[in-house]
Amino acid sequence: MLTRIDHIGIACFDLDRTVEFYRATYGFEVFHSEVNEEQGVREAMLKINETSDGGASYLQLLEPTRPDSTVAKWLDKNGEGVHHIAFGTADVDMDSADIRDKGVRVLYEEPRRGSMGSRITFLHPKDCHGVLTELVTSAPVESPEH
């Protein structure tokens, strides 16, 4: 079912300043960055390590791009810090259905597009001991053409 910790999402007010902290303090570099208009965030993925299933583990830094985004509302209530934990899975559709059958609320009826072309869904934090939990199926890694 779940194969790894895909990433830990950290909400921040200033993405550039937060990236610089992680770079200067731990030596982590930005692997990927993008703006997700649907979720109203600008994000940076800092790669921590490779994993045995061919994926990787990341820190995902999230800065809201609009005041009505989920991350902006979370920051207003909680301030900067850990926003969610994401687990990697080979099949987000199957695993979210299995988890829903166990009585856990799945927040999206159908998985949505996530970072780096992944497919994602979230589990309700009240059903996960206070932790917003994301399930992620990474997009296939394309090998370079030779």
# chains A, B, ... in the order shown; residues from 1 in each chain; ligands from 1
call {"tool": "select_by_dssp", "arguments": {"residues": "chain A", "states": "alpha helix (DSSP H)", "output": "ChimeraX atom specification"}}
result
/A:15-26,70-78,92-101
call {"tool": "write_last_selection", "arguments": {"atoms": "N, CA, C and O atoms", "output": "short mmCIF file (atom, residue, chain, number, x, y, z; two decimals), in the first residue's frame"}}
result
data_model
loop_
_atom_site.label_atom_id
_atom_site.label_comp_id
_atom_site.auth_asym_id
_atom_site.auth_seq_id
_atom_site.Cartn_x
_atom_site.Cartn_y
_atom_site.Cartn_z
N LEU A 15 8.38 32.25 0.75
CA LEU A 15 9.02 31.07 0.18
C LEU A 15 10.52 31.27 -0.03
O LEU A 15 11.32 30.41 0.35
N ASP A 16 10.91 32.39 -0.60
CA ASP A 16 12.33 32.61 -0.89
C ASP A 16 13.17 32.61 0.39
O ASP A 16 14.25 32.01 0.43
N ARG A 17 12.68 33.27 1.42
CA ARG A 17 13.40 33.32 2.70
C ARG A 17 13.48 31.94 3.35
O ARG A 17 14.51 31.56 3.91
N THR A 18 12.40 31.17 3.24
CA THR A 18 12.38 29.83 3.83
C THR A 18 13.30 28.89 3.06
O THR A 18 14.03 28.10 3.67
N VAL A 19 13.30 28.97 1.73
CA VAL A 19 14.23 28.17 0.93
C VAL A 19 15.67 28.48 1.34
O VAL A 19 16.49 27.58 1.53
N GLU A 20 15.97 29.75 1.49
CA GLU A 20 17.33 30.15 1.87
C GLU A 20 17.71 29.58 3.24
O GLU A 20 18.86 29.14 3.43
N PHE A 21 16.79 29.55 4.18
CA PHE A 21 17.07 28.95 5.49
C PHE A 21 17.46 27.48 5.33
O PHE A 21 18.48 27.03 5.89
N TYR A 22 16.67 26.72 4.60
CA TYR A 22 16.96 25.28 4.44
C TYR A 22 18.24 25.05 3.64
O TYR A 22 18.96 24.08 3.89
N ARG A 23 18.54 25.93 2.69
CA ARG A 23 19.79 25.82 1.94
C ARG A 23 20.98 26.11 2.84
O ARG A 23 21.93 25.34 2.93
N ALA A 24 20.93 27.25 3.53
CA ALA A 24 22.05 27.67 4.36
C ALA A 24 22.26 26.78 5.58
O ALA A 24 23.40 26.52 5.98
N THR A 25 21.18 26.31 6.18
CA THR A 25 21.27 25.54 7.41
C THR A 25 21.57 24.07 7.16
O THR A 25 22.41 23.48 7.85
N TYR A 26 20.92 23.46 6.19
CA TYR A 26 21.04 22.02 5.97
C TYR A 26 21.68 21.63 4.64
O TYR A 26 21.93 20.45 4.40
N THR A 70 -6.31 27.41 0.86
CA THR A 70 -6.29 26.59 2.08
C THR A 70 -5.04 26.88 2.91
O THR A 70 -5.12 26.98 4.14
N VAL A 71 -3.89 27.02 2.25
CA VAL A 71 -2.64 27.27 2.98
C VAL A 71 -2.66 28.66 3.64
O VAL A 71 -2.21 28.81 4.78
N ALA A 72 -3.21 29.66 2.97
CA ALA A 72 -3.31 31.00 3.57
C ALA A 72 -4.18 30.97 4.82
O ALA A 72 -3.82 31.55 5.85
N LYS A 73 -5.30 30.28 4.74
CA LYS A 73 -6.19 30.17 5.90
C LYS A 73 -5.50 29.42 7.03
O LYS A 73 -5.63 29.78 8.20
N TRP A 74 -4.75 28.38 6.69
CA TRP A 74 -4.03 27.61 7.70
C TRP A 74 -2.97 28.48 8.37
O TRP A 74 -2.84 28.45 9.60
N LEU A 75 -2.23 29.25 7.57
CA LEU A 75 -1.21 30.14 8.14
C LEU A 75 -1.83 31.18 9.07
O LEU A 75 -1.27 31.49 10.12
N ASP A 76 -2.97 31.73 8.68
CA ASP A 76 -3.65 32.72 9.53
C ASP A 76 -4.01 32.13 10.89
O ASP A 76 -3.92 32.80 11.91
N LYS A 77 -4.38 30.88 10.91
CA LYS A 77 -4.80 30.22 12.15
C LYS A 77 -3.62 29.70 12.96
O LYS A 77 -3.60 29.80 14.18
N ASN A 78 -2.61 29.13 12.27
CA ASN A 78 -1.54 28.39 12.95
C ASN A 78 -0.15 29.00 12.87
O ASN A 78 0.73 28.60 13.61
N VAL A 92 -2.90 5.76 -6.02
CA VAL A 92 -3.66 6.64 -5.13
C VAL A 92 -5.15 6.35 -5.22
O VAL A 92 -5.87 6.46 -4.22
N ASP A 93 -5.65 5.95 -6.38
CA ASP A 93 -7.08 5.65 -6.52
C ASP A 93 -7.48 4.46 -5.65
O ASP A 93 -8.43 4.53 -4.87
N MET A 94 -6.75 3.36 -5.78
CA MET A 94 -7.06 2.14 -5.03
C MET A 94 -6.87 2.35 -3.53
O MET A 94 -7.73 1.98 -2.73
N ASP A 95 -5.74 2.96 -3.16
CA ASP A 95 -5.46 3.12 -1.74
C ASP A 95 -6.41 4.10 -1.06
O ASP A 95 -6.83 3.87 0.08
N SER A 96 -6.80 5.17 -1.75
CA SER A 96 -7.76 6.08 -1.13
C SER A 96 -9.13 5.43 -1.00
O SER A 96 -9.83 5.65 0.00
N ALA A 97 -9.51 4.59 -1.96
CA ALA A 97 -10.78 3.85 -1.84
C ALA A 97 -10.74 2.88 -0.67
O ALA A 97 -11.71 2.77 0.10
N ASP A 98 -9.62 2.17 -0.50
CA ASP A 98 -9.47 1.24 0.62
C ASP A 98 -9.55 1.98 1.95
O ASP A 98 -10.19 1.51 2.89
N ILE A 99 -8.90 3.12 2.03
CA ILE A 99 -8.90 3.90 3.26
C ILE A 99 -10.29 4.46 3.53
O ILE A 99 -10.77 4.47 4.67
N ARG A 100 -10.98 4.91 2.48
CA ARG A 100 -12.37 5.41 2.63
C ARG A 100 -13.26 4.29 3.18
O ARG A 100 -14.09 4.52 4.07
N ASP A 101 -13.05 3.05 2.68
CA ASP A 101 -13.84 1.91 3.16
C ASP A 101 -13.60 1.62 4.64
O ASP A 101 -14.42 0.97 5.29
#
call {"tool": "residues_around", "arguments": {"residues": "range 118-129 of chain A", "least_positions_apart": "3", "cutoff": "8 Å", "atoms": "only C-alpha atoms", "output": "list in words"}}
result
Val92, Ser96, Val104, Arg105, Val106, Leu107, Tyr108, Glu110, Pro111, Arg112, Arg113, Gly114, Ser115, Leu132, Thr133, Glu134, Leu135, Val136, Thr137, Ser138 and Ala139 of chain A
call {"tool": "select_by_dssp", "arguments": {"residues": "range 64-114 of chain A", "states": "strand (DSSP E or B)", "output": "number ranges by chain"}}
result
A: 64, 81-89, 106, 112-113
call {"tool": "write_last_selection", "arguments": {"atoms": "all heavy atoms", "output": "mmCIF file, in the first residue's frame"}}
result
data_model
loop_
_atom_site.group_PDB
_atom_site.id
_atom_site.type_symbol
_atom_site.label_atom_id
_atom_site.label_comp_id
_atom_site.auth_asym_id
_atom_site.auth_seq_id
_atom_site.Cartn_x
_atom_site.Cartn_y
_atom_site.Cartn_z
ATOM 1 N N PRO A 64 1.246 30.759 0.162
ATOM 2 C CA PRO A 64 -0.010 31.052 -0.527
ATOM 3 C C PRO A 64 0.146 32.169 -1.555
ATOM 4 O O PRO A 64 0.936 33.091 -1.356
ATOM 5 C CB PRO A 64 -0.950 31.473 0.608
ATOM 6 C CG PRO A 64 -0.073 31.861 1.739
ATOM 7 C CD PRO A 64 1.220 31.130 1.573
ATOM 8 N N GLY A 81 4.802 26.458 9.790
ATOM 9 C CA GLY A 81 5.134 25.163 10.363
ATOM 10 C C GLY A 81 4.647 24.013 9.511
ATOM 11 O O GLY A 81 4.207 24.194 8.369
ATOM 12 N N VAL A 82 4.730 22.819 10.098
ATOM 13 C CA VAL A 82 4.331 21.608 9.381
ATOM 14 C C VAL A 82 2.841 21.676 9.084
ATOM 15 O O VAL A 82 2.017 21.846 9.986
ATOM 16 C CB VAL A 82 4.673 20.337 10.185
ATOM 17 C CG1 VAL A 82 4.138 19.091 9.481
ATOM 18 C CG2 VAL A 82 6.188 20.214 10.376
ATOM 19 N N HIS A 83 2.511 21.547 7.813
ATOM 20 C CA HIS A 83 1.132 21.621 7.342
ATOM 21 C C HIS A 83 0.545 20.230 7.121
ATOM 22 O O HIS A 83 -0.600 19.972 7.470
ATOM 23 C CB HIS A 83 1.099 22.436 6.038
ATOM 24 C CG HIS A 83 -0.246 22.569 5.428
ATOM 25 N ND1 HIS A 83 -0.676 21.754 4.406
ATOM 26 C CD2 HIS A 83 -1.262 23.421 5.695
ATOM 27 C CE1 HIS A 83 -1.898 22.104 4.061
ATOM 28 N NE2 HIS A 83 -2.278 23.113 4.827
ATOM 29 N N HIS A 84 1.340 19.313 6.533
ATOM 30 C CA HIS A 84 0.841 17.967 6.265
ATOM 31 C C HIS A 84 2.007 17.001 6.058
ATOM 32 O O HIS A 84 3.138 17.413 5.856
ATOM 33 C CB HIS A 84 -0.080 17.947 5.049
ATOM 34 C CG HIS A 84 0.592 18.244 3.746
ATOM 35 N ND1 HIS A 84 0.800 19.536 3.297
ATOM 36 C CD2 HIS A 84 1.132 17.431 2.793
ATOM 37 C CE1 HIS A 84 1.408 19.498 2.116
ATOM 38 N NE2 HIS A 84 1.640 18.240 1.803
ATOM 39 N N ILE A 85 1.670 15.710 6.097
ATOM 40 C CA ILE A 85 2.615 14.660 5.753
ATOM 41 C C ILE A 85 2.020 13.890 4.580
ATOM 42 O O ILE A 85 0.800 13.699 4.518
ATOM 43 C CB ILE A 85 2.916 13.733 6.947
ATOM 44 C CG1 ILE A 85 4.028 12.747 6.586
ATOM 45 C CG2 ILE A 85 1.672 13.021 7.434
ATOM 46 C CD1 ILE A 85 4.606 12.011 7.774
ATOM 47 N N ALA A 86 2.879 13.524 3.643
ATOM 48 C CA ALA A 86 2.420 12.824 2.443
ATOM 49 C C ALA A 86 3.111 11.474 2.329
ATOM 50 O O ALA A 86 4.329 11.380 2.473
ATOM 51 C CB ALA A 86 2.710 13.660 1.200
ATOM 52 N N PHE A 87 2.310 10.459 2.065
ATOM 53 C CA PHE A 87 2.830 9.117 1.859
ATOM 54 C C PHE A 87 2.748 8.754 0.379
ATOM 55 O O PHE A 87 1.736 9.024 -0.275
ATOM 56 C CB PHE A 87 2.032 8.092 2.668
ATOM 57 C CG PHE A 87 2.171 8.262 4.150
ATOM 58 C CD1 PHE A 87 1.131 8.766 4.901
ATOM 59 C CD2 PHE A 87 3.351 7.919 4.796
ATOM 60 C CE1 PHE A 87 1.254 8.930 6.272
ATOM 61 C CE2 PHE A 87 3.488 8.077 6.168
ATOM 62 C CZ PHE A 87 2.440 8.579 6.908
ATOM 63 N N GLY A 88 3.795 8.142 -0.140
ATOM 64 C CA GLY A 88 3.808 7.678 -1.515
ATOM 65 C C GLY A 88 3.063 6.368 -1.649
ATOM 66 O O GLY A 88 3.084 5.532 -0.743
ATOM 67 N N THR A 89 2.402 6.205 -2.770
ATOM 68 C CA THR A 89 1.678 4.985 -3.084
ATOM 69 C C THR A 89 1.738 4.747 -4.587
ATOM 70 O O THR A 89 1.756 5.706 -5.362
ATOM 71 C CB THR A 89 0.210 5.044 -2.618
ATOM 72 O OG1 THR A 89 -0.478 3.884 -3.096
ATOM 73 C CG2 THR A 89 -0.508 6.273 -3.124
ATOM 74 N N VAL A 106 -11.990 10.924 2.835
ATOM 75 C CA VAL A 106 -11.071 11.318 1.764
ATOM 76 C C VAL A 106 -11.624 12.619 1.204
ATOM 77 O O VAL A 106 -12.798 12.699 0.843
ATOM 78 C CB VAL A 106 -10.975 10.216 0.681
ATOM 79 C CG1 VAL A 106 -10.068 10.648 -0.450
ATOM 80 C CG2 VAL A 106 -10.486 8.902 1.304
ATOM 81 N N ARG A 112 -6.454 14.628 -7.614
ATOM 82 C CA ARG A 112 -6.161 15.833 -8.400
ATOM 83 C C ARG A 112 -4.683 15.874 -8.753
ATOM 84 O O ARG A 112 -3.884 15.108 -8.236
ATOM 85 C CB ARG A 112 -6.507 17.081 -7.585
ATOM 86 C CG ARG A 112 -7.974 17.188 -7.264
ATOM 87 C CD ARG A 112 -8.283 18.429 -6.482
ATOM 88 N NE ARG A 112 -9.706 18.485 -6.153
ATOM 89 C CZ ARG A 112 -10.247 19.437 -5.448
ATOM 90 N NH1 ARG A 112 -9.509 20.431 -4.969
ATOM 91 N NH2 ARG A 112 -11.529 19.415 -5.190
ATOM 92 N N ARG A 113 -4.328 16.845 -9.599
ATOM 93 C CA ARG A 113 -2.937 17.043 -9.982
ATOM 94 C C ARG A 113 -2.181 17.674 -8.825
ATOM 95 O O ARG A 113 -2.619 18.639 -8.224
ATOM 96 C CB ARG A 113 -2.857 17.969 -11.193
ATOM 97 C CG ARG A 113 -1.428 18.188 -11.680
ATOM 98 C CD ARG A 113 -1.345 19.418 -12.599
ATOM 99 N NE ARG A 113 0.021 19.780 -12.868
ATOM 100 C CZ ARG A 113 0.833 20.415 -12.027
ATOM 101 N NH1 ARG A 113 0.424 20.757 -10.849
ATOM 102 N NH2 ARG A 113 2.069 20.702 -12.362
#
call {"tool": "closest_residue", "arguments": {"among": "A:Ile10, A:Val131, A:Leu59, A:Met116", "to": "Val35 in chain A", "atoms": "only C-alpha atoms"}}
result
A:Met116
call {"tool": "atom_distance", "arguments": {"atom1": "CA of Asn49 in chain A", "atom2": "CA of Cys12 in chain A"}}
result
22.2 Å
call {"tool": "closest_residue", "arguments": {"among": "A:Leu62, A:Gly130, A:Glu29, A:Glu37", "to": "Gly9 in chain A", "atoms": "only C-alpha atoms"}}
result
A:Leu62
call {"tool": "residues_around", "arguments": {"residues": "Thr51 in chain A", "least_positions_apart": "3", "cutoff": "10 Å", "atoms": "only C-alpha atoms", "output": "ChimeraX atom specification"}}
result
/A:3-6,48,54-57
call {"tool": "atom_distance", "arguments": {"atom1": "CA of Asp91 in chain A", "atom2": "CA of Asp53 in chain A"}}
result
13.3 Å
call {"tool": "residues_around", "arguments": {"residues": "Phe31 in chain A", "least_positions_apart": "5", "cutoff": "7 Å", "atoms": "only C-alpha atoms", "output": "list of chain:residue names"}}
result
A:Met45, A:Leu46, A:Lys47
call {"tool": "atom_distance", "arguments": {"atom1": "CA of Ser69 in chain A", "atom2": "CA of Leu2 in chain A"}}
result
27.8 Å
call {"tool": "closest_residue", "arguments": {"among": "A:Ile8, A:Phe13, A:Pro67, A:His32", "to": "Glu80 in chain A", "atoms": "only C-alpha atoms"}}
result
A:Phe13
call {"tool": "closest_residue", "arguments": {"among": "A:Asp14, A:Glu43, A:Glu109, A:Glu38", "to": "Gln60 in chain A", "atoms": "only C-alpha atoms"}}
result
A:Glu43
